[in-house]
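A.B. asks: Below is the file my_file09.cif, with mmCIF, C-alpha atoms.
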data_protein
loop_
_atom_site.group_PDB
_atom_site.id
_atom_site.type_symbol
_atom_site.label_atom_id
_atom_site.label_comp_id
_atom_site.auth_asym_id
_atom_site.auth_seq_id
_atom_site.Cartn_x
_atom_site.Cartn_y
_atom_site.Cartn_z
ATOM 1 C CA MET A 1 6.564 135.120 174.033
ATOM 2 C CA THR A 2 4.435 133.056 176.397
ATOM 3 C CA LEU A 3 5.121 129.425 177.236
ATOM 4 C CA LYS A 4 2.848 127.264 179.370
ATOM 5 C CA HIS A 5 4.459 124.227 180.987
ATOM 6 C CA ILE A 6 2.303 121.191 181.773
ATOM 7 C CA GLN A 7 3.467 119.062 184.696
ATOM 8 C CA PRO A 8 6.947 120.588 184.942
ATOM 9 C CA GLY A 9 9.472 118.439 186.754
ATOM 10 C CA SER A 10 13.093 118.798 187.721
ATOM 11 C CA TRP A 11 14.427 117.917 184.263
ATOM 12 C CA ASN A 12 11.503 118.296 181.835
ATOM 13 C CA SER A 13 7.840 119.165 181.428
ATOM 14 C CA ARG A 14 5.254 116.663 180.151
ATOM 15 C CA ALA A 15 4.386 119.255 177.527
ATOM 16 C CA VAL A 16 5.022 122.862 176.627
ATOM 17 C CA ILE A 17 2.443 125.009 174.853
ATOM 18 C CA HIS A 18 3.410 127.916 172.647
ATOM 19 C CA ASN A 19 1.235 129.827 170.201
ATOM 20 C CA GLY A 20 -1.420 127.076 170.101
ATOM 21 C CA TYR A 21 1.093 124.262 169.573
ATOM 22 C CA ILE A 22 1.628 121.490 172.105
ATOM 23 C CA PHE A 23 5.068 119.904 172.264
ATOM 24 C CA MET A 24 5.126 116.738 174.353
ATOM 25 C CA SER A 25 8.054 115.002 175.981
ATOM 26 C CA GLY A 26 8.582 111.312 175.403
ATOM 27 C CA ILE A 27 5.930 109.462 177.413
ATOM 28 C CA VAL A 28 6.526 105.965 178.810
ATOM 29 C CA ALA A 29 4.324 103.398 180.546
ATOM 30 C CA ASP A 30 4.155 103.001 184.309
ATOM 31 C CA ASN A 31 3.842 99.191 184.210
ATOM 32 C CA LYS A 32 7.222 98.000 182.951
ATOM 33 C CA SER A 33 6.262 94.332 183.355
ATOM 34 C CA ALA A 34 3.525 94.627 180.716
ATOM 35 C CA GLY A 35 4.002 93.600 177.093
ATOM 36 C CA MET A 36 4.356 95.959 174.124
ATOM 37 C CA LYS A 37 0.633 96.342 173.393
ATOM 38 C CA ALA A 38 -0.232 97.020 177.036
ATOM 39 C CA GLN A 39 2.641 99.468 177.504
ATOM 40 C CA THR A 40 1.604 101.275 174.339
ATOM 41 C CA ALA A 41 -2.026 101.480 175.513
ATOM 42 C CA ASP A 42 -0.810 102.905 178.841
ATOM 43 C CA VAL A 43 1.291 105.538 177.067
ATOM 44 C CA LEU A 44 -1.609 106.492 174.797
ATOM 45 C CA ALA A 45 -3.928 106.890 177.796
ATOM 46 C CA LYS A 46 -1.355 109.230 179.354
ATOM 47 C CA ILE A 47 -1.184 111.188 176.112
ATOM 48 C CA ASP A 48 -4.988 111.558 176.205
ATOM 49 C CA GLY A 49 -4.714 113.063 179.692
ATOM 50 C CA ILE A 50 -1.910 115.459 178.795
ATOM 51 C CA LEU A 51 -3.735 116.619 175.677
ATOM 52 C CA ALA A 52 -6.935 117.188 177.669
ATOM 53 C CA THR A 53 -4.996 119.318 180.155
ATOM 54 C CA ALA A 54 -3.602 121.288 177.201
ATOM 55 C CA GLY A 55 -7.060 121.874 175.711
ATOM 56 C CA SER A 56 -6.749 119.356 172.899
ATOM 57 C CA ASP A 57 -7.268 115.698 172.015
ATOM 58 C CA LYS A 58 -5.752 112.970 169.842
ATOM 59 C CA THR A 59 -7.545 114.207 166.715
ATOM 60 C CA MET A 60 -5.350 117.298 166.896
ATOM 61 C CA ILE A 61 -2.011 115.436 166.874
ATOM 62 C CA VAL A 62 -0.039 116.538 163.828
ATOM 63 C CA SER A 63 3.120 114.499 164.369
ATOM 64 C CA ALA A 64 4.305 111.594 166.501
ATOM 65 C CA VAL A 65 7.543 109.722 166.950
ATOM 66 C CA VAL A 66 7.317 106.238 168.443
ATOM 67 C CA TYR A 67 10.482 104.786 169.909
ATOM 68 C CA VAL A 68 10.494 101.004 170.383
ATOM 69 C CA SER A 69 13.146 98.889 172.055
ATOM 70 C CA ASP A 70 12.485 95.836 169.869
ATOM 71 C CA MET A 71 11.340 96.318 166.273
ATOM 72 C CA THR A 72 10.070 92.723 166.162
ATOM 73 C CA LEU A 73 7.288 93.981 168.480
ATOM 74 C CA LYS A 74 6.278 96.874 166.208
ATOM 75 C CA ASP A 75 3.093 95.093 165.053
ATOM 76 C CA GLU A 76 1.908 94.867 168.691
ATOM 77 C CA MET A 77 2.560 98.582 169.147
ATOM 78 C CA ASN A 78 0.668 99.283 165.900
ATOM 79 C CA GLU A 79 -2.329 97.260 167.134
ATOM 80 C CA ALA A 80 -2.656 99.474 170.203
ATOM 81 C CA TRP A 81 -2.023 102.627 168.145
ATOM 82 C CA ILE A 82 -4.705 101.783 165.557
ATOM 83 C CA GLU A 83 -7.241 100.810 168.248
ATOM 84 C CA TRP A 84 -6.610 104.178 169.892
ATOM 85 C CA MET A 85 -6.203 106.439 166.860
ATOM 86 C CA GLY A 86 -8.459 104.784 164.319
ATOM 87 C CA SER A 87 -7.716 105.025 160.631
ATOM 88 C CA ASN A 88 -9.390 108.368 159.804
ATOM 89 C CA ASN A 89 -6.855 111.150 159.359
ATOM 90 C CA PRO A 90 -3.953 109.775 161.414
ATOM 91 C CA PRO A 91 -1.026 112.126 162.083
ATOM 92 C CA ALA A 92 2.371 112.002 160.443
ATOM 93 C CA ARG A 93 4.279 109.343 162.387
ATOM 94 C CA ALA A 94 7.664 107.686 162.511
ATOM 95 C CA CYS A 95 8.688 104.562 164.402
ATOM 96 C CA VAL A 96 12.322 104.180 165.395
ATOM 97 C CA GLY A 97 14.156 101.277 167.005
ATOM 98 C CA VAL A 98 16.265 102.515 169.945
ATOM 99 C CA THR A 99 17.729 101.498 173.275
ATOM 100 C CA LEU A 100 15.346 102.611 176.030
ATOM 101 C CA THR A 101 15.657 102.436 179.796
ATOM 102 C CA GLN A 102 15.396 98.981 181.339
ATOM 103 C CA ASP A 103 12.043 97.241 180.741
ATOM 104 C CA THR A 104 10.666 100.197 178.754
ATOM 105 C CA LEU A 105 9.375 98.846 175.459
ATOM 106 C CA VAL A 106 7.898 102.026 173.978
ATOM 107 C CA GLU A 107 8.168 105.793 174.313
ATOM 108 C CA ILE A 108 6.006 108.207 172.329
ATOM 109 C CA MET A 109 6.512 111.902 171.664
ATOM 110 C CA CYS A 110 3.781 113.989 170.006
ATOM 111 C CA GLU A 111 3.166 117.463 168.685
ATOM 112 C CA ALA A 112 -0.405 118.685 168.549
ATOM 113 C CA VAL A 113 -2.443 121.858 168.235
ATOM 114 C CA GLN A 114 -4.974 123.158 170.689
ATOM 115 C CA GLY A 115 -8.571 122.482 169.734
#
Can you present the structure in this file as structure tokens?

C.D. replies:
Amino acid sequence: MTLKHIQPGSWNSRAVIHNGYIFMSGIVADNKSAGMKAQTADVLAKIDGILATAGSDKTMIVSAVVYVSDMTLKDEMNEAWIEWMGSNNPPARACVGVTLTQDTLVEIMCEAVQG
């Protein structure tokens, strides 16, 4: 069994690839002072970069879980998501309200396949 770790750190990797599948960690925005839509756009840009490193892109995402700290801001998150993903063949996705680290409004975890 071969695993490839993308950007391994002391406690997790940004993603792990096994048998053509890409399993991503939860990704958060760098700018914690930004609003929900901007934080989401930042996270999605990071996801683009991780997927590119893994030999894939957003069209190959099969599943995503979006964690939001305030469900009243879900529409703002959805705006950024739809602008990024488009409406053709979106992945399976769930959105869950949770407590995140201070000033983090959104965290997204994806599973994708290599292209």

A.B. asks: Expand the PyMOL selection byres ((chain A and resi 60) around 6) into the individual residues it matches in the shown file, reporting them as a short mmCIF file (atom, residue, chain, number, x, y, z; two decimals) with C-alpha atoms, keeping the file's coordinate frame.

C.D. replies:
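In the end it all went to result.cif:
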data_model
loop_
_atom_site.label_atom_id
_atom_site.label_comp_id
_atom_site.auth_asym_id
_atom_site.auth_seq_id
_atom_site.Cartn_x
_atom_site.Cartn_y
_atom_site.Cartn_z
CA ASP A 57 -7.27 115.70 172.02
CA LYS A 58 -5.75 112.97 169.84
CA THR A 59 -7.54 114.21 166.72
CA ILE A 61 -2.01 115.44 166.87
CA ALA A 112 -0.40 118.68 168.55
CA VAL A 113 -2.44 121.86 168.24
#

A.B. asks: Hey, what's within 6 Å of region 77-91 of chain A if we count all atoms listed in the file and toss same-chain stuff fewer than 6 positions away? As a tab-separated table (two decimals) with C-alpha atoms, in the coordinates of the input, please?

C.D. replies:
chain	number	residue	atom	x	y	z
A	36	MET	CA	4.36	95.96	174.12
A	37	LYS	CA	0.63	96.34	173.39
A	40	THR	CA	1.60	101.28	174.34
A	41	ALA	CA	-2.03	101.48	175.51
A	61	ILE	CA	-2.01	115.44	166.87
A	62	VAL	CA	-0.04	116.54	163.83
A	63	SER	CA	3.12	114.50	164.37

A.B. asks: I need the output of the PyMOL selection byres ((chain A and resi 24) around 8) for this file as a PDB file with C-alpha atoms, in the frame of the given file; which residues are they?

C.D. replies:
ATOM      1  CA  SER A  13       7.840 119.165 181.428  1.00  0.00           C
ATOM      2  CA  ARG A  14       5.254 116.663 180.151  1.00  0.00           C
ATOM      3  CA  ALA A  15       4.386 119.255 177.527  1.00  0.00           C
ATOM      4  CA  VAL A  16       5.022 122.862 176.627  1.00  0.00           C
ATOM      5  CA  ILE A  22       1.628 121.490 172.105  1.00  0.00           C
ATOM      6  CA  PHE A  23       5.068 119.904 172.264  1.00  0.00           C
ATOM      7  CA  SER A  25       8.054 115.002 175.981  1.00  0.00           C
ATOM      8  CA  GLY A  26       8.582 111.312 175.403  1.00  0.00           C
ATOM      9  CA  ILE A  27       5.930 109.462 177.413  1.00  0.00           C
ATOM     10  CA  MET A 109       6.512 111.902 171.664  1.00  0.00           C
ATOM     11  CA  CYS A 110       3.781 113.989 170.006  1.00  0.00           C
ATOM     12  CA  GLU A 111       3.166 117.463 168.685  1.00  0.00           C
TER      13      GLU A 111
END

A.B. asks: My list of candidates is A:Asn12, A:Thr2, A:Lys32, A:Asp75. Which is closest to Thr101 (chain A) when distances are computed with all atoms listed in the file?

C.D. replies: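 Closest to Thr101 (chain A) of all the choices is A:Lys32.
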
A.B. asks: Determine, counting only C-alpha atoms, which protein, DNA and RNA residues have an atom within 10 Å of an atom of Asp30 (chain A); residues of the same chain fewer than 6 positions away are not included. Present the result as a PDB file with C-alpha atoms, in the coordinates of the input.

C.D. replies:
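Once written, part-v6.pdb looks like this:
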ATOM      1  CA  GLN A  39       2.641  99.468 177.504  1.00  0.00           C
ATOM      2  CA  ASP A  42      -0.810 102.905 178.841  1.00  0.00           C
ATOM      3  CA  VAL A  43       1.291 105.538 177.067  1.00  0.00           C
ATOM      4  CA  LYS A  46      -1.355 109.230 179.354  1.00  0.00           C
ATOM      5  CA  THR A 104      10.666 100.197 178.754  1.00  0.00           C
TER       6      THR A 104
END

A.B. asks: Quick one: residues within 9 Å of Thr99 (chain A), all atoms listed in the file counted, chain neighbours fewer than 2 positions away excluded, as a short mmCIF file (atom, residue, chain, number, x, y, z; two decimals) with C-alpha atoms, in the coordinates of the input?

C.D. replies:
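This is the output file out.cif:
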data_model
loop_
_atom_site.label_atom_id
_atom_site.label_comp_id
_atom_site.auth_asym_id
_atom_site.auth_seq_id
_atom_site.Cartn_x
_atom_site.Cartn_y
_atom_site.Cartn_z
CA TYR A 67 10.48 104.79 169.91
CA VAL A 68 10.49 101.00 170.38
CA SER A 69 13.15 98.89 172.06
CA ASP A 70 12.48 95.84 169.87
CA GLY A 97 14.16 101.28 167.00
CA THR A 101 15.66 102.44 179.80
CA GLN A 102 15.40 98.98 181.34
#

A.B. asks: So, with all atoms listed in the file as the atoms that count, which of A:Asp103, A:Met71, A:Lys4, A:Val98 lies closest to Ser33 (chain A)?

C.D. replies: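 So, comparing all the options, the nearest one is A:Asp103.
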
A.B. asks: Could you jot down the CA of Ile17 (chain A) to CA of Cys95 (chain A) separation for me, Å, one decimal place?

C.D. replies: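 Separation of CA of Ile17 (chain A) and CA of Cys95 (chain A): 23.8 Å.
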
A.B. asks: Do you have the CA of His5 (chain A)-CA of Ala94 (chain A) distance handy?

C.D. replies: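 Result for CA of His5 (chain A) versus CA of Ala94 (chain A): 25.0 Å, one decimal.
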
A.B. asks: Would you work out the distance separating CA of Ser10 (chain A) from CA of Val28 (chain A), expressed in Å to one decimal?

C.D. replies: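 One can read the CA of Ser10 (chain A) to CA of Val28 (chain A) distance as 16.9 Å.
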
A.B. asks: Pick out the closest residue to Ile47 (chain A) from this set: A:Trp11, A:Lys74, A:Ala92, A:Glu107. Count only C-alpha atoms.

C.D. replies: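 When distances to Ile47 (chain A) are compared using only C-alpha atoms, the smallest one comes from A:Glu107.
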
A.B. asks: With all atoms listed in the file as the atoms that count, which of A:Ile108, A:Leu44, A:Ala38, A:Ala54 lies nearest to Leu3 (chain A)?

C.D. replies: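 Residue with the minimum atom-to-atom distance to Leu3 (chain A): A:Ala54.
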
A.B. asks: Can you work out which one of A:Leu105, A:Asn31, A:Gln7, A:Thr72 has the shortest atom-to-atom distance to Leu51 (chain A), counting only C-alpha atoms?

C.D. replies: A:Gln7

A.B. asks: Go through A:Ala45, A:Leu73, A:Ala29, A:Ile50 and flag the residue nearest Ile6 (chain A), using only C-alpha atoms for the distances.

C.D. replies: A:Ile50
